[in-house]
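Shown here: data_32.txt, compact mmCIF, C-alpha atoms and all ligand atoms.
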# COMPACT_ATOMS: atom_id res chain seq x y z
CA MET N 1 119.82 79.51 120.86
CA GLU N 2 120.07 83.30 120.64
CA ASP N 3 117.12 85.66 120.82
CA LYS N 4 115.31 85.51 117.47
CA SER N 5 114.24 89.13 117.66
CA GLN N 6 117.85 90.32 117.70
CA ILE N 7 118.38 90.48 113.98
CA THR N 8 120.98 92.83 112.53
CA ASP N 9 120.52 94.96 109.41
CA ALA N 10 122.92 92.71 107.48
CA GLU N 11 121.07 89.55 108.60
CA TRP N 12 117.81 91.16 107.54
CA GLU N 13 119.20 91.62 104.01
CA VAL N 14 119.85 87.87 103.85
CA MET N 15 116.40 86.99 105.18
CA ARG N 16 114.75 89.12 102.49
CA VAL N 17 116.50 87.12 99.79
CA VAL N 18 115.46 83.80 101.32
CA TRP N 19 111.86 84.98 101.80
CA THR N 20 111.75 86.01 98.15
CA LEU N 21 113.41 82.91 96.68
CA HIS N 22 111.81 80.52 99.25
CA GLN N 23 114.90 78.34 99.01
CA ALA N 24 118.41 79.66 98.40
CA THR N 25 122.04 78.60 98.43
CA SER N 26 124.73 80.91 99.80
CA LYS N 27 125.67 81.56 96.16
CA ASP N 28 122.12 82.72 95.36
CA ILE N 29 122.19 85.08 98.33
CA ILE N 30 125.54 86.60 97.34
CA GLU N 31 124.35 86.91 93.74
CA VAL N 32 121.15 88.79 94.66
CA LEU N 33 122.93 91.16 97.02
CA ARG N 34 125.95 91.75 94.80
CA SER N 35 124.78 95.17 93.58
CA LYS N 36 123.73 96.26 97.07
CA LYS N 37 126.38 94.76 99.35
CA ASN N 38 129.94 94.08 98.45
CA TRP N 39 130.16 90.95 100.59
CA LYS N 40 132.89 88.40 100.34
CA GLN N 41 131.68 84.83 100.32
CA ALA N 42 132.98 84.43 103.87
CA THR N 43 130.92 87.40 105.07
CA ALA N 44 127.73 86.01 103.60
CA LYS N 45 128.47 82.57 105.02
CA THR N 46 129.05 84.03 108.49
CA LEU N 47 125.71 85.86 108.34
CA ILE N 48 123.93 82.72 107.13
CA GLY N 49 125.57 80.70 109.92
CA ARG N 50 124.36 83.17 112.52
CA LEU N 51 120.83 83.05 111.14
CA VAL N 52 120.87 79.25 111.33
CA GLN N 53 122.09 79.48 114.93
CA LYS N 54 119.31 81.90 115.78
CA GLY N 55 116.79 79.46 114.33
CA LEU N 56 115.74 81.90 111.60
CA LEU N 57 117.05 79.79 108.73
CA GLU N 58 116.79 76.06 108.21
CA THR N 59 119.46 74.07 106.40
CA GLU N 60 119.04 71.16 104.07
CA GLN N 61 121.92 69.38 102.40
CA ASP N 62 121.58 68.70 98.71
CA GLY N 63 124.67 66.82 97.54
CA LYS N 64 127.53 69.22 98.07
CA ARG N 65 125.29 72.27 98.44
CA TYR N 66 123.39 73.60 101.39
CA LEU N 67 119.89 74.89 100.77
CA TYR N 68 118.45 77.47 103.12
CA THR N 69 114.80 78.10 103.84
CA ALA N 70 113.23 80.62 106.22
CA ALA N 71 112.08 79.26 109.57
CA VAL N 72 110.10 82.42 110.27
CA ASP N 73 107.34 84.12 108.35
CA GLU N 74 108.13 87.46 106.66
CA THR N 75 104.93 89.18 107.81
CA GLU N 76 105.51 88.06 111.41
CA SER N 77 109.10 89.27 111.29
CA VAL N 78 108.08 92.69 109.99
CA LYS N 79 105.56 92.90 112.85
CA MET N 80 108.34 92.11 115.30
CA LEU N 81 110.38 94.93 113.78
CA GLU N 82 107.49 97.36 114.24
CA GLN N 83 107.10 96.21 117.82
CA ARG N 84 110.79 96.79 118.47
CA LEU N 85 110.46 100.36 117.18
CA PHE N 86 107.43 101.12 119.32
CA ASP N 87 109.07 99.54 122.38
CA ARG N 88 111.72 102.24 122.11
CA ILE N 89 109.37 105.22 122.40
CA CYS N 90 106.75 106.41 124.88
CA ASN N 91 103.24 105.05 124.16
CA LYS N 92 102.11 108.66 123.97
CA GLU N 93 104.51 109.29 121.06
CA VAL N 94 103.30 106.38 118.91
CA GLY N 95 100.58 108.37 117.10
CA LYS N 96 102.93 111.23 116.31
CA THR N 97 105.60 108.78 115.14
CA ILE N 98 103.18 106.98 112.81
CA ALA N 99 102.01 110.35 111.40
CA SER N 100 105.61 111.32 110.77
CA MET N 101 106.30 107.95 109.08
CA ILE N 102 103.30 108.52 106.80
CA SER N 103 104.48 112.05 105.96
CA GLU N 104 107.91 110.76 105.02
CA SER N 105 106.60 107.91 102.85
CA THR N 106 105.77 107.77 99.17
CA LEU N 107 102.25 106.32 99.01
CA SER N 108 99.90 105.18 96.25
CA HIS N 109 96.18 105.99 96.15
CA ASN N 110 95.59 102.38 97.22
CA ASP N 111 97.91 102.80 100.20
CA ILE N 112 96.05 105.94 101.26
CA GLU N 113 92.71 104.17 100.92
CA LEU N 114 94.01 101.41 103.19
CA LEU N 115 95.21 103.99 105.72
CA GLU N 116 91.84 105.74 105.65
CA GLU N 117 89.99 102.46 106.21
CA THR N 118 92.34 101.61 109.07
CA LEU N 119 91.90 105.02 110.70
CA ASN N 120 88.13 104.84 110.38
CA ARG N 121 88.19 101.47 112.14
CA LYS N 122 90.51 102.84 114.83
CA LYS N 123 88.12 105.74 115.52
CA SER N 124 85.69 103.35 117.19
CA GLU N 125 88.43 102.03 119.51
CA ALA N 126 90.06 105.37 120.29
CA VAL N 127 90.80 106.15 123.96
CA GLU N 128 90.56 109.56 125.62
CA GLU N 129 94.24 109.56 126.48
CA VAL N 130 97.06 107.11 125.76
CA LYS N 131 98.80 106.04 128.99
CA CYS N 132 102.53 106.47 129.33
CA ASN N 133 104.38 103.17 129.78
CA CYS N 134 107.83 104.54 130.56
CA VAL N 135 110.15 104.33 133.50
CA PRO N 136 110.12 107.78 135.16
CA GLY N 137 113.09 109.71 133.83
CA GLN N 138 112.94 108.16 130.34
CA CYS N 139 110.27 110.48 128.97
CA GLN N 140 108.80 113.90 129.68
CA CYS N 141 105.30 112.84 130.69
CA LYS N 142 105.98 111.35 134.14
CA GLY N 143 108.32 114.10 135.33
CA HIS N 144 105.35 116.45 135.77
CA HIS N 145 103.55 114.15 138.19
CA HIS N 146 106.43 113.26 140.51
ZN ZN E 201 106.22 108.11 128.62

Give the structure from this file in structure tokens form.
Ligand SMILES: [Zn+2]
Amino acid sequence: MEDKSQITDAEWEVMRVVWTLHQATSKDIIEVLRSKKNWKQATAKTLIGRLVQKGLLETEQDGKRYLYTAAVDETESVKMLEQRLFDRICNKEVGKTIASMISESTLSHNDIELLEETLNRKKSEAVEEVKCNCVPGQCQCKGHHH
């Protein structure tokens, strides 16, 4: 079985349909994505096959059709995606990156309230300085000390 966290953008599109419909046939998936992706049936079936192989989709046969359900939770998968982003940058850059993401986003008053609550909670856990987690030579911070 392949690494579950290695999910491509195209595979992610398929997962979103299955998460939304709970149970979907390949036809349903193609139908939903028709306006967004101009996939041939074979393309969609290849993507679905890969997701089954990765253990992200489960298959159930229903007569002549195959029904697909998600083997992983949407919230968990989004968390994994966030983790993959933060794994790619220096720990010291995480705050700045989140601030930039907020600046670039369209947010509702409710969203902002949630962010404010989260930040207020984080204030009590704040550290003096975030430690760099990088291999020397992959970010600016360690170069100064060596
Ligand atoms: Zn660093």

(Q) Using only C-alpha atoms and all ligand atoms, which residues have at least one atom no more than 10 Å from ligand ZN 201 (chain E)? Output them as JSON, numbers by chain. (A) {"N": [89, 90, 91, 92, 93, 130, 131, 132, 133, 134, 135, 136, 137, 138, 139, 140, 141, 142, 143]}

Q. Counting all atoms listed in the file, what is within 12 Å of segment 69-85 of chain N, bar same-chain residues fewer than 2 positions away, as JSON, numbers by chain?
A. {"N": [4, 5, 6, 7, 8, 9, 12, 14, 15, 16, 17, 18, 19, 20, 21, 22, 23, 24, 25, 26, 29, 48, 51, 52, 53, 54, 55, 56, 57, 58, 59, 60, 61, 66, 67, 87, 88, 89, 90, 91, 93, 94, 97, 98, 101]}

**Q.** Residue nearest Ile102 of chain N - candidates N:Arg34, N:Glu116, N:Glu13, N:Glu125, atoms counted: only C-alpha atoms
**A.**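 Nearest candidate to Ile102 of chain N out of N:Arg34, N:Glu116, N:Glu13, N:Glu125: N:Glu116.
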
(Q) Ranking N:Glu11, N:Glu128, N:Gly95, N:Lys45 by minimum distance to Lys27 of chain N and counting all atoms listed in the file, which one comes first? (A)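 Comparing N:Glu11, N:Glu128, N:Gly95, N:Lys45 against Lys27 of chain N, the winner is N:Lys45.
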